[in-house]
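Participant: Dropping in query-v1.cif, which is mmCIF, C-alpha atoms:
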```
data_protein
#
loop_
_atom_site.label_atom_id
_atom_site.label_comp_id
_atom_site.auth_asym_id
_atom_site.auth_seq_id
_atom_site.Cartn_x
_atom_site.Cartn_y
_atom_site.Cartn_z
CA MET V 6 44.45 -0.12 -11.54
CA ARG V 7 44.51 0.24 -15.30
CA LEU V 8 41.98 1.56 -17.79
CA LEU V 9 42.24 -0.30 -21.08
CA GLY V 10 40.53 0.31 -24.41
CA ARG V 11 41.10 -2.09 -27.29
CA GLU V 12 40.06 -1.57 -30.92
CA VAL V 13 37.22 0.68 -29.80
CA CYS V 14 34.88 1.70 -32.60
CA CYS V 15 32.13 4.27 -32.16
CA VAL V 16 29.18 4.70 -34.52
CA ARG V 17 26.73 7.56 -33.99
CA GLY V 18 23.65 8.03 -36.13
CA GLY V 19 24.95 5.58 -38.76
CA ARG V 20 28.26 7.45 -39.11
CA GLU V 21 31.55 6.03 -37.93
CA VAL V 22 33.08 8.57 -35.54
CA PHE V 23 36.32 6.72 -34.88
CA SER V 24 37.50 3.12 -35.08
CA GLY V 25 40.40 0.92 -34.03
CA LEU V 26 41.16 3.20 -31.09
CA ASP V 27 43.57 1.79 -28.48
CA PHE V 28 44.28 3.58 -25.25
CA GLU V 29 45.38 2.90 -21.74
CA ALA V 30 46.01 4.75 -18.52
CA ALA V 31 47.23 3.52 -15.16
CA SER V 32 46.30 4.90 -11.76
CA GLY V 33 48.10 8.14 -11.07
CA GLU V 34 48.03 9.00 -14.77
CA ALA V 35 46.01 11.46 -16.76
CA LEU V 36 44.94 10.89 -20.34
CA ALA V 37 44.22 14.01 -22.36
CA VAL V 38 41.89 13.32 -25.29
CA VAL V 39 42.54 15.92 -27.99
CA GLY V 40 41.14 16.39 -31.45
CA PRO V 41 39.11 18.81 -33.56
CA ASN V 42 35.40 19.49 -32.97
CA GLY V 43 33.25 16.53 -33.85
CA SER V 44 36.10 14.06 -33.68
CA GLY V 45 34.35 12.09 -30.95
CA LYS V 46 36.00 13.25 -27.70
CA THR V 47 32.70 13.43 -25.85
CA SER V 48 31.57 10.13 -27.42
CA LEU V 49 34.72 8.45 -26.13
CA LEU V 50 34.09 9.71 -22.59
CA ARG V 51 30.47 8.54 -22.76
CA LEU V 52 31.66 5.14 -24.01
CA ILE V 53 33.97 4.83 -21.01
CA ALA V 54 31.15 5.98 -18.72
CA GLY V 55 28.91 3.23 -20.12
CA LEU V 56 26.39 5.78 -21.41
CA LEU V 57 27.04 4.61 -24.98
CA ALA V 58 27.71 1.08 -26.12
CA PRO V 59 30.82 0.57 -28.29
CA PHE V 60 30.06 -0.67 -31.80
CA ALA V 61 33.13 -2.89 -31.59
CA GLY V 62 36.05 -3.37 -29.21
CA SER V 63 36.16 -3.31 -25.44
CA ILE V 64 36.80 -0.93 -22.59
CA GLY V 65 37.61 -2.18 -19.12
CA LEU V 66 39.18 -1.39 -15.81
CA GLU V 67 41.76 -3.84 -14.50
CA GLY V 68 42.53 -4.02 -10.82
CA GLY V 69 39.61 -1.92 -9.63
CA ASP V 70 36.86 -3.05 -7.29
CA ALA V 71 35.73 -6.37 -8.76
CA GLU V 72 32.19 -5.90 -7.41
CA LEU V 73 31.61 -2.67 -9.31
CA THR V 74 31.43 -1.78 -12.99
CA LEU V 75 33.66 0.84 -14.56
CA ALA V 76 30.78 3.34 -14.58
CA GLU V 77 30.13 2.77 -10.89
CA GLN V 78 33.73 3.65 -10.10
CA SER V 79 33.73 6.79 -12.24
CA HIS V 80 32.75 10.40 -11.93
CA TYR V 81 31.46 11.97 -15.12
CA LEU V 82 31.68 15.74 -15.55
CA GLY V 83 29.84 16.52 -18.76
CA HIS V 84 28.72 19.67 -20.57
CA ARG V 85 25.54 19.69 -18.55
CA ASP V 86 25.93 20.45 -14.88
CA ALA V 87 23.28 18.11 -13.41
CA LEU V 88 22.06 20.90 -11.12
CA LYS V 89 18.49 21.56 -10.06
CA THR V 90 17.78 25.27 -10.12
CA ALA V 91 14.93 24.91 -7.60
CA LEU V 92 17.33 23.63 -4.95
CA SER V 93 19.99 25.52 -3.06
CA VAL V 94 23.69 24.99 -3.77
CA LEU V 95 24.14 22.93 -0.60
CA GLU V 96 21.00 20.86 -1.27
CA ASN V 97 22.26 20.01 -4.76
CA LEU V 98 25.59 18.85 -3.44
CA ALA V 99 24.11 16.99 -0.45
CA PHE V 100 21.76 15.14 -2.81
CA TRP V 101 24.59 13.86 -5.01
CA ARG V 102 26.60 12.93 -1.91
CA ASP V 103 23.70 10.81 -0.58
CA PHE V 104 22.66 9.40 -3.94
CA LEU V 105 26.07 8.43 -5.31
CA GLY V 106 27.12 6.78 -2.04
CA GLY V 107 30.50 5.40 -1.09
CA ALA V 108 33.22 7.19 0.85
CA SER V 109 32.07 10.78 1.16
CA PHE V 110 32.99 14.10 2.70
CA ASP V 111 31.12 16.98 4.28
CA PRO V 112 29.47 19.06 1.51
CA ALA V 113 29.90 22.33 3.40
CA GLU V 114 33.68 21.81 3.65
CA ILE V 115 33.92 20.93 -0.03
CA LEU V 116 31.99 24.07 -0.96
CA ALA V 117 34.56 26.12 0.94
CA LYS V 118 37.28 24.30 -0.97
CA VAL V 119 35.86 25.34 -4.37
CA GLY V 120 35.08 28.86 -3.18
CA LEU V 121 31.28 28.62 -3.07
CA ASP V 122 30.74 28.65 0.70
CA HIS V 123 29.28 32.17 0.61
CA ALA V 124 26.54 30.95 -1.79
CA ALA V 125 25.72 27.68 -0.01
CA HIS V 126 22.14 28.61 0.78
CA SER V 127 21.19 30.57 -2.33
CA PRO V 128 19.26 28.82 -5.10
CA ALA V 129 21.40 27.25 -7.81
CA SER V 130 19.48 29.31 -10.39
CA PHE V 131 21.42 32.42 -9.26
CA LEU V 132 24.81 30.91 -10.04
CA SER V 133 26.91 32.12 -12.96
CA ALA V 134 28.25 29.63 -15.51
CA GLY V 135 31.63 29.55 -13.76
CA GLN V 136 30.03 29.01 -10.37
CA ARG V 137 27.90 26.17 -11.75
CA ARG V 138 31.08 24.54 -12.99
CA ARG V 139 32.66 24.96 -9.54
CA LEU V 140 29.62 23.28 -8.00
CA SER V 141 29.95 20.36 -10.47
CA ILE V 142 33.61 20.06 -9.52
CA ALA V 143 32.55 20.00 -5.86
CA ARG V 144 30.52 16.89 -6.72
CA LEU V 145 33.75 15.10 -7.77
CA LEU V 146 35.20 15.84 -4.34
CA THR V 147 32.28 14.98 -2.04
CA VAL V 148 32.23 11.35 -3.10
CA ARG V 149 35.42 9.42 -3.80
CA ARG V 150 35.64 7.72 -7.17
CA PRO V 151 38.97 6.48 -8.58
CA VAL V 152 38.22 7.40 -12.21
CA TRP V 153 37.37 10.95 -13.30
CA LEU V 154 35.92 11.43 -16.79
CA LEU V 155 36.07 15.13 -17.58
CA ASP V 156 34.60 16.81 -20.64
CA GLU V 157 36.13 20.26 -21.15
CA PRO V 158 36.40 20.61 -17.36
CA THR V 159 37.75 24.15 -17.27
CA ASN V 160 35.09 25.68 -19.52
CA ALA V 161 33.73 28.91 -18.03
CA LEU V 162 36.20 28.84 -15.13
CA ASP V 163 38.18 32.00 -14.35
CA SER V 164 41.97 31.86 -13.95
CA THR V 165 41.85 31.24 -10.18
CA GLY V 166 39.28 28.53 -10.84
CA LYS V 167 41.58 26.92 -13.39
CA THR V 168 44.52 27.01 -10.99
CA LEU V 169 42.33 25.53 -8.27
CA PHE V 170 41.11 22.75 -10.53
CA THR V 171 44.65 21.93 -11.67
CA ALA V 172 45.63 21.54 -8.02
CA LEU V 173 42.61 19.31 -7.38
CA MET V 174 43.47 17.12 -10.37
CA ALA V 175 47.09 16.83 -9.17
CA GLU V 176 45.80 15.84 -5.72
CA HIS V 177 43.51 13.21 -7.26
CA LEU V 178 46.37 11.75 -9.31
CA ALA V 179 48.66 11.74 -6.29
CA GLY V 180 46.01 9.69 -4.46
CA ASP V 181 46.24 6.99 -7.18
CA GLY V 182 43.31 8.39 -9.10
CA LEU V 183 42.93 8.21 -12.86
CA ILE V 184 41.78 11.01 -15.13
CA VAL V 185 40.52 10.96 -18.71
CA ALA V 186 39.84 14.48 -19.94
CA ALA V 187 38.65 15.77 -23.29
CA THR V 188 40.20 19.16 -23.74
CA HIS V 189 41.33 21.83 -26.16
CA ILE V 190 43.73 23.52 -23.80
CA PRO V 191 46.61 22.00 -21.80
CA LEU V 192 45.34 20.31 -18.64
CA GLY V 193 48.06 21.72 -16.41
CA VAL V 194 49.02 18.31 -15.08
CA ALA V 195 51.37 15.82 -16.72
CA ALA V 196 49.19 13.90 -19.14
CA ARG V 197 49.54 11.31 -21.84
CA GLU V 198 47.98 12.54 -25.07
CA LEU V 199 45.41 10.58 -27.03
CA ARG V 200 44.76 12.16 -30.42
CA ILE V 201 41.59 11.18 -32.26
CA GLY V 202 40.17 12.33 -35.57
CA ASP V 203 43.38 13.28 -37.37
CA ALA V 204 43.40 16.96 -38.19
CA SER V 205 45.60 16.48 -41.27
CA MET E 12 18.46 2.86 0.85
CA THR E 13 19.91 6.30 1.63
CA ALA E 14 20.36 6.80 -2.10
CA LEU E 15 16.68 6.08 -2.84
CA ALA E 16 15.51 8.16 0.11
CA ALA E 17 17.67 11.04 -1.13
CA LEU E 18 16.19 10.75 -4.63
CA ILE E 19 12.60 10.70 -3.30
CA ARG E 20 13.30 13.66 -1.01
CA ARG E 21 14.85 15.67 -3.83
CA ASP E 22 12.03 15.01 -6.30
CA ILE E 23 9.32 15.88 -3.78
CA ARG E 24 11.18 19.05 -2.79
CA ILE E 25 11.50 20.15 -6.43
CA ALA E 26 7.83 19.36 -7.13
CA LEU E 27 6.65 21.43 -4.18
CA ARG E 28 8.83 24.46 -4.92
CA VAL E 29 8.15 27.22 -7.40
CA GLY E 30 7.86 25.83 -10.92
CA GLY E 31 7.22 22.30 -9.67
CA GLY E 32 4.21 20.44 -10.97
CA ALA E 33 2.43 19.30 -7.80
CA LEU E 34 -0.10 22.13 -7.47
CA ILE E 35 -0.65 22.48 -11.21
CA GLY E 36 -2.14 18.97 -11.25
CA VAL E 37 -4.61 19.76 -8.47
CA LEU E 38 -5.60 23.05 -10.11
CA PHE E 39 -6.18 21.28 -13.42
CA PHE E 40 -8.25 18.60 -11.67
CA LEU E 41 -10.30 21.35 -10.03
CA SER E 42 -10.91 23.16 -13.35
CA VAL E 43 -12.01 19.98 -15.16
CA VAL E 44 -14.45 19.07 -12.42
CA VAL E 45 -15.79 22.61 -12.06
CA LEU E 46 -16.42 22.83 -15.81
CA MET E 47 -18.48 19.63 -15.86
CA PRO E 48 -21.66 20.95 -14.17
CA PHE E 49 -21.67 23.81 -16.70
CA ALA E 50 -21.41 21.37 -19.59
CA VAL E 51 -23.85 18.77 -18.28
CA GLY E 52 -26.41 21.22 -16.94
CA PRO E 53 -28.03 21.65 -13.53
CA ASP E 54 -29.61 18.18 -13.37
CA LEU E 55 -28.49 17.08 -9.88
CA ALA E 56 -29.42 13.40 -10.32
CA LEU E 57 -27.47 13.20 -13.58
CA LEU E 58 -24.45 14.89 -11.99
CA ALA E 59 -24.47 12.45 -9.09
CA ARG E 60 -24.64 9.56 -11.57
CA LEU E 61 -21.78 10.91 -13.68
CA GLY E 62 -19.78 12.08 -10.63
CA PRO E 63 -17.41 9.11 -10.18
CA ALA E 64 -16.63 8.99 -13.90
CA ILE E 65 -15.90 12.73 -13.99
CA LEU E 66 -13.65 12.54 -10.95
CA TRP E 67 -11.78 9.60 -12.42
CA LEU E 68 -11.31 11.27 -15.81
CA GLY E 69 -10.14 14.47 -14.13
CA ALA E 70 -7.63 12.58 -11.99
CA LEU E 71 -6.38 10.62 -15.01
CA LEU E 72 -5.79 13.74 -17.10
CA ALA E 73 -4.26 15.64 -14.19
CA SER E 74 -1.78 12.86 -13.48
CA LEU E 75 -0.80 12.77 -17.18
CA LEU E 76 -0.25 16.51 -17.20
CA THR E 77 2.80 16.44 -14.94
CA LEU E 78 4.10 12.99 -15.85
CA ASP E 79 5.97 13.97 -19.01
CA ARG E 80 8.54 15.86 -16.93
CA LEU E 81 9.35 12.76 -14.86
CA PHE E 82 12.55 11.92 -16.76
CA MET E 83 12.71 14.82 -19.24
CA ALA E 84 13.91 17.36 -16.67
CA ASP E 85 16.66 15.03 -15.45
CA HIS E 86 17.62 14.27 -19.04
CA GLU E 87 17.91 17.93 -20.00
CA ASP E 88 20.19 18.94 -17.12
CA GLY E 89 22.36 15.82 -17.30
CA SER E 90 21.24 14.30 -13.98
CA LEU E 91 19.91 11.24 -15.77
CA ASP E 92 23.43 10.32 -16.98
CA LEU E 93 24.65 10.30 -13.39
CA ILE E 94 21.62 8.33 -12.21
CA VAL E 95 22.26 5.70 -14.89
CA MET E 96 25.95 5.50 -13.93
CA SER E 97 25.34 5.30 -10.18
CA ARG E 98 25.59 2.27 -7.93
CA THR E 99 21.82 2.25 -7.40
CA PRO E 100 20.09 -0.16 -9.83
CA LEU E 101 18.25 1.91 -12.45
CA GLU E 102 15.03 -0.06 -11.85
CA LEU E 103 14.99 1.01 -8.20
CA ALA E 104 15.83 4.59 -9.11
CA CYS E 105 12.89 4.62 -11.56
CA ALA E 106 10.58 3.19 -8.91
CA ALA E 107 11.77 5.84 -6.43
CA LYS E 108 11.13 8.63 -8.95
CA ALA E 109 7.63 7.30 -9.68
CA LEU E 110 6.88 7.01 -5.98
CA ALA E 111 8.03 10.58 -5.40
CA HIS E 112 5.85 11.74 -8.30
CA TRP E 113 2.84 9.90 -6.88
CA LEU E 114 3.40 11.39 -3.42
CA ALA E 115 3.77 14.92 -4.77
CA ALA E 116 1.20 14.88 -7.59
CA GLY E 117 -1.11 11.88 -7.04
CA LEU E 118 -1.82 12.13 -3.33
CA PRO E 119 -3.00 15.77 -3.48
CA LEU E 120 -5.61 14.70 -6.09
CA ILE E 121 -7.02 12.15 -3.66
CA ILE E 122 -7.06 14.69 -0.84
CA ALA E 123 -8.93 17.15 -3.10
CA THR E 124 -11.54 14.55 -4.10
CA PRO E 125 -13.95 15.05 -1.13
CA VAL E 126 -14.14 18.78 -1.84
CA LEU E 127 -14.78 18.23 -5.54
CA GLY E 128 -17.39 15.57 -4.74
CA LEU E 129 -19.51 18.35 -3.23
CA LEU E 130 -19.53 20.16 -6.59
CA LEU E 131 -20.91 17.03 -8.26
CA ASN E 132 -23.69 16.42 -5.72
CA LEU E 133 -22.03 13.27 -4.39
CA ASP E 134 -22.86 12.16 -0.83
CA ALA E 135 -20.23 11.26 1.70
CA ALA E 136 -20.30 7.52 1.02
CA PRO E 137 -19.86 7.69 -2.80
CA THR E 138 -17.22 10.40 -2.42
CA SER E 139 -15.18 8.30 -0.03
CA ALA E 140 -15.62 5.31 -2.37
CA VAL E 141 -14.18 7.38 -5.25
CA ALA E 142 -11.32 8.58 -3.04
CA LEU E 143 -10.59 4.99 -2.02
CA THR E 144 -10.58 3.74 -5.62
CA LEU E 145 -8.33 6.64 -6.60
CA LEU E 146 -5.98 5.71 -3.78
CA ALA E 147 -5.84 2.16 -5.11
CA GLY E 148 -5.75 3.09 -8.80
CA THR E 149 -3.57 6.19 -9.21
CA PRO E 150 -0.32 4.27 -8.46
CA ALA E 151 -1.12 2.19 -11.55
CA LEU E 152 -1.53 5.40 -13.59
CA THR E 153 1.82 6.75 -12.37
CA PHE E 154 3.75 3.52 -12.82
CA THR E 155 2.42 2.75 -16.31
CA GLY E 156 2.76 6.43 -17.23
CA MET E 157 6.41 6.19 -16.23
CA ILE E 158 7.00 3.78 -19.15
CA GLY E 159 5.64 6.42 -21.51
CA ALA E 160 7.75 9.11 -19.82
CA ALA E 161 10.89 7.00 -20.32
CA LEU E 162 10.02 6.43 -23.99
CA ALA E 163 9.36 10.14 -24.45
CA VAL E 164 12.93 10.85 -23.29
CA THR E 165 14.46 8.38 -25.71
CA LEU E 166 12.33 9.56 -28.62
CA ARG E 167 12.83 13.23 -27.74
CA ARG E 168 9.13 14.01 -27.98
CA GLY E 169 7.41 15.21 -24.88
CA GLY E 170 3.81 15.90 -23.94
CA LEU E 171 1.53 14.70 -26.68
CA LEU E 172 3.38 11.50 -27.44
CA LEU E 173 3.20 10.59 -23.78
CA ALA E 174 -0.59 11.01 -23.78
CA VAL E 175 -0.96 8.88 -26.90
CA LEU E 176 1.24 6.14 -25.46
CA VAL E 177 -0.15 6.13 -21.96
CA LEU E 178 -3.88 6.66 -22.38
CA PRO E 179 -4.54 3.21 -23.93
CA LEU E 180 -2.60 1.60 -21.08
CA SER E 181 -4.76 3.36 -18.52
CA ILE E 182 -8.09 2.09 -19.94
CA PRO E 183 -8.28 -0.99 -17.65
CA VAL E 184 -7.55 1.16 -14.61
CA LEU E 185 -10.30 3.57 -15.64
CA ILE E 186 -12.82 0.78 -16.25
CA PHE E 187 -12.34 -0.92 -12.90
CA GLY E 188 -11.89 2.33 -10.99
CA VAL E 189 -15.22 3.69 -12.19
CA ALA E 190 -16.90 0.29 -11.87
CA ALA E 191 -15.87 0.01 -8.23
CA SER E 192 -17.05 3.56 -7.48
CA GLN E 193 -20.40 2.96 -9.21
CA ALA E 194 -20.82 -0.28 -7.25
CA ALA E 195 -20.48 1.66 -4.03
CA ILE E 196 -23.33 3.97 -5.11
CA THR E 197 -25.81 1.48 -6.57
CA GLU E 198 -26.21 -1.15 -3.87
CA PRO E 199 -26.73 -4.54 -5.54
CA LEU E 200 -23.45 -4.48 -7.46
CA SER E 201 -20.38 -5.88 -5.73
CA PHE E 202 -17.68 -3.41 -4.73
CA GLY E 203 -15.11 -6.07 -3.87
CA ALA E 204 -14.52 -7.64 -7.28
CA PRO E 205 -13.67 -4.53 -9.35
CA PHE E 206 -11.76 -3.06 -6.39
CA SER E 207 -9.59 -6.18 -6.08
CA ILE E 208 -8.85 -6.08 -9.81
CA LEU E 209 -7.93 -2.39 -9.46
CA CYS E 210 -5.49 -3.25 -6.65
CA ALA E 211 -4.09 -6.07 -8.79
CA LEU E 212 -3.54 -3.67 -11.71
CA SER E 213 -1.63 -1.33 -9.39
CA LEU E 214 0.52 -4.13 -8.04
CA VAL E 215 1.34 -5.44 -11.53
CA SER E 216 2.30 -1.98 -12.77
CA LEU E 217 4.41 -1.50 -9.63
CA VAL E 218 6.49 -4.48 -10.76
CA VAL E 219 6.45 -4.06 -14.54
CA GLY E 220 6.73 -0.25 -14.73
CA PRO E 221 10.23 0.20 -13.25
CA PHE E 222 11.71 -2.60 -15.36
CA ALA E 223 10.17 -1.36 -18.59
CA ALA E 224 11.16 2.25 -17.90
CA ALA E 225 14.73 1.30 -16.96
CA ALA E 226 15.09 -0.85 -20.07
CA SER E 227 13.83 1.99 -22.23
CA LEU E 228 16.19 4.51 -20.62
CA ARG E 229 19.22 2.20 -20.90
CA HIS E 230 18.48 1.42 -24.50
CA GLY E 231 17.82 4.94 -25.60
CA LEU E 232 20.60 6.95 -23.94
CA ASP E 233 23.06 8.65 -26.22
#
```
How would this structure read if it were set down as structure tokens?
Facilitator:
Amino acid sequence: MRLLGREVCCVRGGREVFSGLDFEAASGEALAVVGPNGSGKTSLLRLIAGLLAPFAGSIGLEGGDAELTLAEQSHYLGHRDALKTALSVLENLAFWRDFLGGASFDPAEILAKVGLDHAAHSPASFLSAGQRRRLSIARLLTVRRPVWLLDEPTNALDSTGKTLFTALMAEHLAGDGLIVAATHIPLGVAARELRIGDAS
Amino acid sequence: MTALAALIRRDIRIALRVGGGALIGVLFFLSVVVLMPFAVGPDLALLARLGPAILWLGALLASLLTLDRLFMADHEDGSLDLIVMSRTPLELACAAKALAHWLAAGLPLIIATPVLGLLLNLDAAPTSAVALTLLAGTPALTFTGMIGAALAVTLRRGGLLLAVLVLPLSIPVLIFGVAASQAAITEPLSFGAPFSILCALSLVSLVVGPFAAAASLRHGLD
């Protein structure tokens, strides 16, 4: 499986964010997207996720499931946590498990894995920012998707949370997964670097 | 199917919990209808004649009241991105969301109608006729309103824009809904013809609404 981007150009609000961007990553590899604020890291992830259309160029996945699009084989972890505060932690996770479909795992077990099992039945509105992030990460684990698109994944996580997430990413890569992460700090796993928006 | 069932279950659950919109709609419907006798005056014959129109207007405004949150809430917390990316076709997901909204916010209006009919001096037969036309017509309001709700997300303007966009679309539903209810009250007019057209409007919006809303959401995401 191979994620390929060729000559990708992104235009937002009439302004060219980046152009002529080539990148690739094979399964088992992580791609760290780095660059200053506003250089288009989030835009690139949303382009890969199919939430934005590229102005020019192409992005594709070779060797994945031919029946599914790239977006359908990806998990997207954005700035916003996609949590409903009116629902409990377990209800939130169980909903995404049922809605996303595909090979899935028991939400209660996954909550224990990310250290939220004690809060399973409390409303998501009581969670701290770090706990909300842990719950979003739990979503990546309940349903299997080969491609993970992560936007500043370790934001708001404490040091044990960061260690935990690094281990989870390593596990995903070892299982032939593929990670594209926009980040300002080192990911903690071996990653190829993709620099956009030259800082010079 | 499990994906759609999960989406419907979640939306109904959120609507019925604290902060959800389901009861607000019914309360608004109640206030509009209760205010009418004060505005029109104590003329019982006049109230009975205006009754179906008042109930229909109340139901229309009440269903608009909660509709603007249909996609906005999911857009704000990022759920909409994941729904767009998922393996469920967006058209079906839109239809499921509209169905959940109708079950949580539209159905209670119909259940409240017999009680409110009493306040407007409507007898049992006209009241049940209004309830029946609402049952046939409110799906059309929800499914056409959904198009407006999807546009409101892409244009980043809530509430008022939705009303401006959706109210013109709901005029046919209002005309045939009230016509069918009036026909049930004044004997010589035929109930069947306007009621069939009302059902047809609902069926058309059931087909067109999800496609239009999905197209609008796909086009406008950023």
Participant: Just so the selection is clear, what residues does the PyMOL selection byres ((chain V and resi 160-165) around 8) cover here, as an NGL selection string?
Facilitator: :V and (134-136 or 138-139 or 157-159 or 166-169)
Participant: Around the point (26.2, 16.5, -6.2) (coordinates from the file), which residues reach within 8 Å if we count only C-alpha atoms? Answer as number ranges by chain.
Facilitator: V: 87-88, 97-102, 140-141, 143-145, 147
Participant: Which of these residues is nearest to Ile64 of chain V, using only C-alpha atoms: V:Leu154, V:Leu9, V:Val194, V:Cys14?
Facilitator: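 Counting only C-alpha atoms, the residue closest to Ile64 of chain V is V:Leu9.
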Participant: Taking all atoms listed in the file into account, report as a ChimeraX atom specification which residues of chain E lie within 10 Å of chain V.
Facilitator: /E:12-18,20-22,24-31,84-99,104,229-233
Participant: Write out the residues from the selection above, keeping C-alpha atoms, as a PDB file, in the coordinates of the input.
Facilitator:
```pdb
ATOM      1  CA  MET E  12      18.460   2.860   0.850  1.00  0.00           C
ATOM      2  CA  THR E  13      19.910   6.300   1.630  1.00  0.00           C
ATOM      3  CA  ALA E  14      20.360   6.800  -2.100  1.00  0.00           C
ATOM      4  CA  LEU E  15      16.680   6.080  -2.840  1.00  0.00           C
ATOM      5  CA  ALA E  16      15.510   8.160   0.110  1.00  0.00           C
ATOM      6  CA  ALA E  17      17.670  11.040  -1.130  1.00  0.00           C
ATOM      7  CA  LEU E  18      16.190  10.750  -4.630  1.00  0.00           C
ATOM      8  CA  ARG E  20      13.300  13.660  -1.010  1.00  0.00           C
ATOM      9  CA  ARG E  21      14.850  15.670  -3.830  1.00  0.00           C
ATOM     10  CA  ASP E  22      12.030  15.010  -6.300  1.00  0.00           C
ATOM     11  CA  ARG E  24      11.180  19.050  -2.790  1.00  0.00           C
ATOM     12  CA  ILE E  25      11.500  20.150  -6.430  1.00  0.00           C
ATOM     13  CA  ALA E  26       7.830  19.360  -7.130  1.00  0.00           C
ATOM     14  CA  LEU E  27       6.650  21.430  -4.180  1.00  0.00           C
ATOM     15  CA  ARG E  28       8.830  24.460  -4.920  1.00  0.00           C
ATOM     16  CA  VAL E  29       8.150  27.220  -7.400  1.00  0.00           C
ATOM     17  CA  GLY E  30       7.860  25.830 -10.920  1.00  0.00           C
ATOM     18  CA  GLY E  31       7.220  22.300  -9.670  1.00  0.00           C
ATOM     19  CA  ALA E  84      13.910  17.360 -16.670  1.00  0.00           C
ATOM     20  CA  ASP E  85      16.660  15.030 -15.450  1.00  0.00           C
ATOM     21  CA  HIS E  86      17.620  14.270 -19.040  1.00  0.00           C
ATOM     22  CA  GLU E  87      17.910  17.930 -20.000  1.00  0.00           C
ATOM     23  CA  ASP E  88      20.190  18.940 -17.120  1.00  0.00           C
ATOM     24  CA  GLY E  89      22.360  15.820 -17.300  1.00  0.00           C
ATOM     25  CA  SER E  90      21.240  14.300 -13.980  1.00  0.00           C
ATOM     26  CA  LEU E  91      19.910  11.240 -15.770  1.00  0.00           C
ATOM     27  CA  ASP E  92      23.430  10.320 -16.980  1.00  0.00           C
ATOM     28  CA  LEU E  93      24.650  10.300 -13.390  1.00  0.00           C
ATOM     29  CA  ILE E  94      21.620   8.330 -12.210  1.00  0.00           C
ATOM     30  CA  VAL E  95      22.260   5.700 -14.890  1.00  0.00           C
ATOM     31  CA  MET E  96      25.950   5.500 -13.930  1.00  0.00           C
ATOM     32  CA  SER E  97      25.340   5.300 -10.180  1.00  0.00           C
ATOM     33  CA  ARG E  98      25.590   2.270  -7.930  1.00  0.00           C
ATOM     34  CA  THR E  99      21.820   2.250  -7.400  1.00  0.00           C
ATOM     35  CA  ALA E 104      15.830   4.590  -9.110  1.00  0.00           C
ATOM     36  CA  ARG E 229      19.220   2.200 -20.900  1.00  0.00           C
ATOM     37  CA  HIS E 230      18.480   1.420 -24.500  1.00  0.00           C
ATOM     38  CA  GLY E 231      17.820   4.940 -25.600  1.00  0.00           C
ATOM     39  CA  LEU E 232      20.600   6.950 -23.940  1.00  0.00           C
ATOM     40  CA  ASP E 233      23.060   8.650 -26.220  1.00  0.00           C
TER      41      ASP E 233
END
```
Participant: Restricting the calculation to all atoms listed in the file, which member of E:Pro199, E:Gly220, E:Pro100, E:Gly128 is positioned closest to Leu162 of chain E?
Facilitator: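 That would be E:Gly220, the residue with the smallest distance to Leu162 of chain E.
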Participant: Atom CA of Gly193 of chain V and atom CA of Gly120 of chain V, how far apart in Å?
Facilitator: 19.9 Å
